[in-house]
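**Student:** Take a look at the following structure, please.
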Amino acid sequence: MREKEKYVNEVESIIDNMCLMDDDLMSRVFDENIEATQILIRTILQTDVEVVESKGQWDIKNELVDGRGIRLDVFARDSHGDYFDCEVQRRDDGADPRRARFNSSMLDTRMLTASQKPKELKDSYVIFITENDYFDKSESIYRINRTLESGEMFNDGSHIIYVNGDYQGDDDIGRLISDMKNRTTKGTWI
């Protein structure tokens, strides 16, 4: 009986020290939890998104032999067919812009069948929720946009978003970050 108690205490201690900034916990909380995933994405994008699918820890294999694949913390698809990859990044090297680009490209490869044309691609969103202010500009959210040299938007449907985990504003994003870093079960952003 002592071994079981010791094991239970160890598990409880591990769980007590976790928060949604831990990708394993985040993946489990949002796996098949459409309502929570929808609230997360709506809060970040500040738009009405209807999530129809949510998966935690979804592996996407590269079709090349020995090609690098990815494991998404949270994958979601909305009612328009748009794809979402929500990642928590505790270390800055995990939020490298080229990683965001790679994740975006891997999402795109899953959207079309052999008979579809590239213009049928839906939008894709790669969202990095970083523990630190990756760009060190004190913004709550950084939206990465491709533009023409003239400054005009390139509108290719690829969206990369960084959420600043250091942000402490009294708004939806500030409450979301606070709750994601909170190690208790009671949150304020939902």
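Residues in the structure tokens are numbered from 1 in each chain, the chains being A, B, ... in the order shown, and ligands are numbered from 1 in the order shown.
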Give the strand (DSSP E) residues of region 69-189 of chain A, as DSSP finds them on the backbone, and put them as a VMD selection string.
**Tutor:** chain A and resid 70 to 78 83 to 89 124 to 130 141 to 144 158 to 164
**Student:** What lies within 12 Å of region 22-25 of chain A using only C-alpha atoms, ignoring chain neighbours under 3 positions off, as a short mmCIF file (atom, residue, chain, number, x, y, z; two decimals) with all heavy atoms, in the first residue's frame?
**Tutor:**
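Just written: part_23.cif:
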data_model
loop_
_atom_site.label_atom_id
_atom_site.label_comp_id
_atom_site.auth_asym_id
_atom_site.auth_seq_id
_atom_site.Cartn_x
_atom_site.Cartn_y
_atom_site.Cartn_z
N ILE A 14 3.65 16.10 -9.65
CA ILE A 14 3.94 16.44 -11.05
C ILE A 14 2.81 17.28 -11.63
O ILE A 14 3.04 18.33 -12.24
CB ILE A 14 4.18 15.17 -11.90
CG1 ILE A 14 5.50 14.51 -11.48
CG2 ILE A 14 4.18 15.50 -13.39
CD1 ILE A 14 5.69 13.11 -12.05
N ILE A 15 1.58 16.84 -11.43
CA ILE A 15 0.42 17.55 -11.96
C ILE A 15 0.31 18.94 -11.33
O ILE A 15 0.03 19.92 -12.02
CB ILE A 15 -0.87 16.73 -11.76
CG1 ILE A 15 -0.83 15.49 -12.66
CG2 ILE A 15 -2.11 17.57 -12.04
CD1 ILE A 15 -1.91 14.49 -12.40
N ASP A 16 0.55 19.04 -10.03
CA ASP A 16 0.46 20.34 -9.35
C ASP A 16 1.46 21.34 -9.90
O ASP A 16 1.25 22.55 -9.80
CB ASP A 16 0.69 20.17 -7.84
CG ASP A 16 -0.50 19.53 -7.14
OD1 ASP A 16 -1.59 19.46 -7.75
OD2 ASP A 16 -0.33 19.09 -5.98
N ASN A 17 2.55 20.86 -10.48
CA ASN A 17 3.58 21.75 -11.01
C ASN A 17 3.45 21.97 -12.51
O ASN A 17 4.33 22.56 -13.12
CB ASN A 17 4.97 21.23 -10.67
CG ASN A 17 5.27 21.41 -9.19
OD1 ASN A 17 5.16 22.51 -8.68
ND2 ASN A 17 5.61 20.33 -8.52
N MET A 18 2.36 21.51 -13.11
CA MET A 18 2.15 21.69 -14.55
C MET A 18 1.19 22.84 -14.80
O MET A 18 0.40 23.21 -13.93
CB MET A 18 1.60 20.41 -15.18
CG MET A 18 2.57 19.26 -15.19
SD MET A 18 1.89 17.80 -15.99
CE MET A 18 2.32 18.15 -17.69
N CYS A 19 1.28 23.37 -15.99
CA CYS A 19 0.33 24.39 -16.44
C CYS A 19 0.15 24.20 -17.95
O CYS A 19 0.81 23.36 -18.55
CB CYS A 19 0.86 25.79 -16.11
SG CYS A 19 2.37 26.25 -16.98
N ARG A 28 -3.19 17.26 -24.06
CA ARG A 28 -4.23 16.41 -23.47
C ARG A 28 -5.51 17.19 -23.16
O ARG A 28 -6.61 16.69 -23.37
CB ARG A 28 -3.70 15.73 -22.21
CG ARG A 28 -2.75 14.60 -22.56
CD ARG A 28 -2.14 13.94 -21.39
NE ARG A 28 -1.26 12.83 -21.56
CZ ARG A 28 -0.39 12.59 -22.50
NH1 ARG A 28 -0.28 13.38 -23.49
NH2 ARG A 28 0.39 11.53 -22.49
N VAL A 29 -5.35 18.41 -22.69
CA VAL A 29 -6.53 19.23 -22.35
C VAL A 29 -7.34 19.56 -23.61
O VAL A 29 -8.57 19.52 -23.59
CB VAL A 29 -6.10 20.53 -21.63
CG1 VAL A 29 -7.24 21.54 -21.56
CG2 VAL A 29 -5.58 20.22 -20.23
N PHE A 30 -6.66 19.86 -24.72
CA PHE A 30 -7.36 20.30 -25.92
C PHE A 30 -7.70 19.16 -26.88
O PHE A 30 -8.44 19.37 -27.83
CB PHE A 30 -6.55 21.38 -26.64
CG PHE A 30 -6.55 22.69 -25.89
CD1 PHE A 30 -5.56 22.99 -24.98
CD2 PHE A 30 -7.57 23.61 -26.09
CE1 PHE A 30 -5.57 24.19 -24.28
CE2 PHE A 30 -7.59 24.81 -25.40
CZ PHE A 30 -6.59 25.10 -24.49
N ASP A 31 -7.18 17.95 -26.64
CA ASP A 31 -7.46 16.81 -27.51
C ASP A 31 -8.95 16.50 -27.51
O ASP A 31 -9.53 16.19 -26.46
CB ASP A 31 -6.65 15.59 -27.06
CG ASP A 31 -6.80 14.42 -28.01
OD1 ASP A 31 -6.88 14.65 -29.24
OD2 ASP A 31 -6.83 13.27 -27.54
N GLY A 56 -4.91 16.54 -30.11
CA GLY A 56 -3.67 16.81 -29.39
C GLY A 56 -2.59 15.86 -29.86
O GLY A 56 -2.87 14.71 -30.19
N GLN A 57 -1.36 16.36 -29.92
CA GLN A 57 -0.20 15.55 -30.32
C GLN A 57 -0.45 14.81 -31.64
O GLN A 57 -0.41 13.58 -31.72
CB GLN A 57 0.16 14.55 -29.21
CG GLN A 57 0.64 15.20 -27.94
CD GLN A 57 2.02 15.80 -28.06
OE1 GLN A 57 2.92 15.20 -28.61
NE2 GLN A 57 2.19 17.01 -27.55
N TRP A 58 -0.68 15.59 -32.71
CA TRP A 58 -0.91 15.00 -34.03
C TRP A 58 0.40 14.99 -34.80
O TRP A 58 1.03 16.03 -34.98
CB TRP A 58 -1.98 15.79 -34.78
CG TRP A 58 -2.36 15.17 -36.10
CD1 TRP A 58 -2.57 13.85 -36.36
CD2 TRP A 58 -2.59 15.86 -37.32
NE1 TRP A 58 -2.92 13.67 -37.67
CE2 TRP A 58 -2.94 14.90 -38.29
CE3 TRP A 58 -2.54 17.20 -37.70
CZ2 TRP A 58 -3.23 15.23 -39.61
CZ3 TRP A 58 -2.84 17.52 -39.01
CH2 TRP A 58 -3.18 16.54 -39.96
N ARG A 71 5.27 17.12 -34.86
CA ARG A 71 4.21 16.73 -33.93
C ARG A 71 3.57 18.03 -33.44
O ARG A 71 4.22 18.84 -32.79
CB ARG A 71 4.75 15.94 -32.76
CG ARG A 71 3.67 15.68 -31.69
CD ARG A 71 4.12 14.75 -30.62
NE ARG A 71 4.14 13.41 -31.22
CZ ARG A 71 4.81 12.39 -30.72
NH1 ARG A 71 5.50 12.52 -29.62
NH2 ARG A 71 4.78 11.21 -31.30
N LEU A 72 2.31 18.22 -33.80
CA LEU A 72 1.59 19.43 -33.41
C LEU A 72 1.06 19.27 -31.99
O LEU A 72 0.48 18.24 -31.66
CB LEU A 72 0.43 19.70 -34.37
CG LEU A 72 0.76 19.73 -35.86
CD1 LEU A 72 -0.50 20.02 -36.67
CD2 LEU A 72 1.83 20.76 -36.16
N ASP A 73 1.23 20.31 -31.15
CA ASP A 73 0.66 20.26 -29.80
C ASP A 73 -0.86 20.16 -29.90
O ASP A 73 -1.47 19.29 -29.29
CB ASP A 73 1.04 21.50 -29.00
CG ASP A 73 2.52 21.54 -28.64
OD1 ASP A 73 3.20 20.51 -28.76
OD2 ASP A 73 2.99 22.62 -28.25
N VAL A 74 -1.45 21.07 -30.67
CA VAL A 74 -2.91 21.05 -30.88
C VAL A 74 -3.18 21.37 -32.35
O VAL A 74 -2.77 22.42 -32.85
CB VAL A 74 -3.64 22.07 -29.98
CG1 VAL A 74 -5.14 22.05 -30.27
CG2 VAL A 74 -3.37 21.79 -28.51
N CYS A 86 -1.60 25.03 -32.98
CA CYS A 86 -1.34 25.83 -31.78
C CYS A 86 -0.22 25.15 -30.99
O CYS A 86 -0.36 24.00 -30.58
CB CYS A 86 -2.59 25.93 -30.91
SG CYS A 86 -3.98 26.70 -31.74
N GLU A 87 0.88 25.86 -30.82
CA GLU A 87 2.06 25.33 -30.16
C GLU A 87 2.41 26.18 -28.95
O GLU A 87 2.34 27.41 -29.02
CB GLU A 87 3.27 25.36 -31.10
CG GLU A 87 3.09 24.61 -32.40
CD GLU A 87 3.19 23.12 -32.23
OE1 GLU A 87 3.96 22.66 -31.36
OE2 GLU A 87 2.48 22.40 -32.94
N VAL A 88 2.79 25.55 -27.85
CA VAL A 88 3.38 26.30 -26.75
C VAL A 88 4.88 26.13 -26.84
O VAL A 88 5.39 25.04 -27.11
CB VAL A 88 2.85 25.88 -25.36
CG1 VAL A 88 1.40 26.30 -25.17
CG2 VAL A 88 3.00 24.40 -25.11
N GLN A 89 5.58 27.24 -26.66
CA GLN A 89 7.04 27.24 -26.77
C GLN A 89 7.63 27.84 -25.50
O GLN A 89 7.52 29.03 -25.27
CB GLN A 89 7.48 28.07 -27.99
CG GLN A 89 6.98 27.55 -29.30
CD GLN A 89 7.49 26.16 -29.63
OE1 GLN A 89 8.61 25.79 -29.27
NE2 GLN A 89 6.67 25.36 -30.28
N ARG A 90 8.22 27.01 -24.69
CA ARG A 90 8.82 27.49 -23.45
C ARG A 90 10.23 28.02 -23.69
O ARG A 90 10.68 28.89 -22.97
CB ARG A 90 8.84 26.36 -22.42
CG ARG A 90 7.38 25.92 -22.15
CD ARG A 90 7.23 25.21 -20.91
NE ARG A 90 7.16 26.17 -19.82
CZ ARG A 90 6.91 25.82 -18.59
NH1 ARG A 90 6.71 24.56 -18.30
NH2 ARG A 90 6.85 26.71 -17.64
N ARG A 91 10.90 27.48 -24.70
CA ARG A 91 12.25 27.95 -25.02
C ARG A 91 12.19 28.75 -26.31
O ARG A 91 11.49 28.38 -27.26
CB ARG A 91 13.19 26.75 -25.20
CG ARG A 91 13.41 25.96 -23.93
CD ARG A 91 14.40 24.80 -24.09
NE ARG A 91 14.65 24.35 -25.45
CZ ARG A 91 14.00 23.35 -26.05
NH1 ARG A 91 13.06 22.68 -25.42
NH2 ARG A 91 14.31 22.99 -27.27
N GLY A 94 12.65 27.07 -29.75
CA GLY A 94 11.50 26.34 -30.28
C GLY A 94 10.56 27.22 -31.09
O GLY A 94 9.71 26.72 -31.82
N PHE A 128 2.18 30.27 -32.29
CA PHE A 128 3.17 29.96 -31.27
C PHE A 128 2.83 30.79 -30.03
O PHE A 128 2.83 32.02 -30.10
CB PHE A 128 4.58 30.31 -31.72
CG PHE A 128 5.22 29.30 -32.64
CD1 PHE A 128 6.46 29.56 -33.19
CD2 PHE A 128 4.63 28.08 -32.94
CE1 PHE A 128 7.08 28.65 -34.02
CE2 PHE A 128 5.23 27.16 -33.77
CZ PHE A 128 6.47 27.44 -34.32
N ILE A 129 2.52 30.12 -28.95
CA ILE A 129 2.30 30.79 -27.67
C ILE A 129 3.61 30.63 -26.91
O ILE A 129 3.93 29.55 -26.43
CB ILE A 129 1.11 30.16 -26.91
CG1 ILE A 129 -0.15 30.19 -27.78
CG2 ILE A 129 0.90 30.89 -25.58
CD1 ILE A 129 -1.28 29.33 -27.26
N THR A 130 4.37 31.71 -26.86
CA THR A 130 5.72 31.65 -26.31
C THR A 130 5.72 32.04 -24.84
O THR A 130 4.93 32.89 -24.42
CB THR A 130 6.68 32.57 -27.07
OG1 THR A 130 6.22 33.93 -26.97
CG2 THR A 130 6.75 32.17 -28.54
N GLU A 131 6.58 31.42 -24.07
CA GLU A 131 6.65 31.77 -22.65
C GLU A 131 7.24 33.16 -22.47
O GLU A 131 6.89 33.89 -21.55
CB GLU A 131 7.48 30.74 -21.88
CG GLU A 131 7.43 30.98 -20.39
CD GLU A 131 7.81 29.76 -19.59
OE1 GLU A 131 8.77 29.06 -19.97
OE2 GLU A 131 7.12 29.49 -18.58
N MET A 180 -2.86 30.36 -18.67
CA MET A 180 -2.00 29.31 -19.20
C MET A 180 -0.78 29.09 -18.32
O MET A 180 -0.25 27.98 -18.26
CB MET A 180 -1.58 29.63 -20.63
CG MET A 180 -2.74 29.49 -21.61
SD MET A 180 -2.23 29.57 -23.31
CE MET A 180 -1.41 27.98 -23.50
N LYS A 181 -0.34 30.12 -17.61
CA LYS A 181 0.82 29.99 -16.72
C LYS A 181 0.41 29.60 -15.30
O LYS A 181 1.26 29.23 -14.49
CB LYS A 181 1.60 31.31 -16.69
CG LYS A 181 2.35 31.56 -17.98
CD LYS A 181 3.19 32.81 -17.87
CE LYS A 181 4.17 32.89 -19.01
NZ LYS A 181 5.10 34.01 -18.85
N ASN A 182 -0.88 29.67 -15.02
CA ASN A 182 -1.40 29.38 -13.69
C ASN A 182 -1.34 27.88 -13.42
O ASN A 182 -1.72 27.08 -14.25
CB ASN A 182 -2.85 29.88 -13.61
CG ASN A 182 -3.40 29.88 -12.21
OD1 ASN A 182 -2.85 29.24 -11.32
ND2 ASN A 182 -4.48 30.59 -12.03
N ARG A 183 -0.91 27.52 -12.24
CA ARG A 183 -0.82 26.11 -11.87
C ARG A 183 -2.00 25.65 -11.02
O ARG A 183 -1.94 24.61 -10.40
CB ARG A 183 0.51 25.86 -11.14
CG ARG A 183 1.68 26.16 -12.05
CD ARG A 183 2.98 25.69 -11.48
NE ARG A 183 4.12 26.16 -12.24
CZ ARG A 183 4.46 25.76 -13.45
NH1 ARG A 183 3.73 24.89 -14.08
NH2 ARG A 183 5.52 26.25 -14.06
#
**Student:** What's the 10 Å shell around Asn62 (chain A), counting only C-alpha atoms, without same-chain residues fewer than 6 positions away, as JSON, numbers by chain?
**Tutor:** {"A": [68, 69, 70, 106, 109]}
**Student:** Would you mind exporting the chosen residues as a PDB file, in the first residue's frame, restricted to all heavy atoms?
**Tutor:**
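Saved the output as result18.pdb:
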ATOM      1  N   ARG A  68      12.025  15.120 -42.362  1.00  0.00           N
ATOM      2  CA  ARG A  68      11.602  15.525 -41.021  1.00  0.00           C
ATOM      3  C   ARG A  68      10.084  15.699 -40.972  1.00  0.00           C
ATOM      4  O   ARG A  68       9.486  16.328 -41.832  1.00  0.00           O
ATOM      5  CB  ARG A  68      12.297  16.832 -40.641  1.00  0.00           C
ATOM      6  CG  ARG A  68      11.951  17.290 -39.250  1.00  0.00           C
ATOM      7  CD  ARG A  68      12.655  18.602 -38.918  1.00  0.00           C
ATOM      8  NE  ARG A  68      12.244  19.053 -37.617  1.00  0.00           N
ATOM      9  CZ  ARG A  68      12.899  18.793 -36.495  1.00  0.00           C
ATOM     10  NH1 ARG A  68      13.998  18.066 -36.532  1.00  0.00           N
ATOM     11  NH2 ARG A  68      12.470  19.247 -35.341  1.00  0.00           N
ATOM     12  N   GLY A  69       9.475  15.142 -39.942  1.00  0.00           N
ATOM     13  CA  GLY A  69       8.057  15.338 -39.693  1.00  0.00           C
ATOM     14  C   GLY A  69       7.870  16.302 -38.531  1.00  0.00           C
ATOM     15  O   GLY A  69       8.848  16.858 -38.012  1.00  0.00           O
ATOM     16  N   ILE A  70       6.637  16.495 -38.128  1.00  0.00           N
ATOM     17  CA  ILE A  70       6.352  17.360 -36.981  1.00  0.00           C
ATOM     18  C   ILE A  70       5.283  16.723 -36.108  1.00  0.00           C
ATOM     19  O   ILE A  70       4.500  15.890 -36.568  1.00  0.00           O
ATOM     20  CB  ILE A  70       5.899  18.786 -37.394  1.00  0.00           C
ATOM     21  CG1 ILE A  70       4.627  18.734 -38.243  1.00  0.00           C
ATOM     22  CG2 ILE A  70       7.004  19.537 -38.093  1.00  0.00           C
ATOM     23  CD1 ILE A  70       4.030  20.097 -38.562  1.00  0.00           C
ATOM     24  N   MET A 106       4.036  22.093 -43.719  1.00  0.00           N
ATOM     25  CA  MET A 106       3.550  20.733 -43.460  1.00  0.00           C
ATOM     26  C   MET A 106       2.022  20.701 -43.372  1.00  0.00           C
ATOM     27  O   MET A 106       1.395  19.738 -43.818  1.00  0.00           O
ATOM     28  CB  MET A 106       4.180  20.176 -42.184  1.00  0.00           C
ATOM     29  CG  MET A 106       5.678  19.909 -42.312  1.00  0.00           C
ATOM     30  SD  MET A 106       6.085  18.594 -43.472  1.00  0.00           S
ATOM     31  CE  MET A 106       5.696  17.157 -42.478  1.00  0.00           C
ATOM     32  N   THR A 109       0.586  20.747 -46.962  1.00  0.00           N
ATOM     33  CA  THR A 109       0.680  19.504 -47.730  1.00  0.00           C
ATOM     34  C   THR A 109      -0.463  18.552 -47.427  1.00  0.00           C
ATOM     35  O   THR A 109      -0.705  17.614 -48.197  1.00  0.00           O
ATOM     36  CB  THR A 109       2.021  18.776 -47.486  1.00  0.00           C
ATOM     37  OG1 THR A 109       2.097  18.381 -46.119  1.00  0.00           O
ATOM     38  CG2 THR A 109       3.199  19.646 -47.866  1.00  0.00           C
TER      39      THR A 109
END
**Student:** From the set A:Arg99, A:Arg143, A:Lys55, A:Lys4, which residue has the shortest atom-to-atom contact distance to Ile161 (chain A), counting only C-alpha atoms?
**Tutor:**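 Of all the options, A:Arg143 lies closest to Ile161 (chain A).
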**Student:** Excluding Gly165 (chain A) and its own-chain neighbours fewer than 2 positions away, which residues fall within 12 Å of it when counting only C-alpha atoms? Please give them as a PyMOL selection string.
**Tutor:** chain A and resi 20-21+88-92+95+128-136+138-142+162-163+167-169+173-182
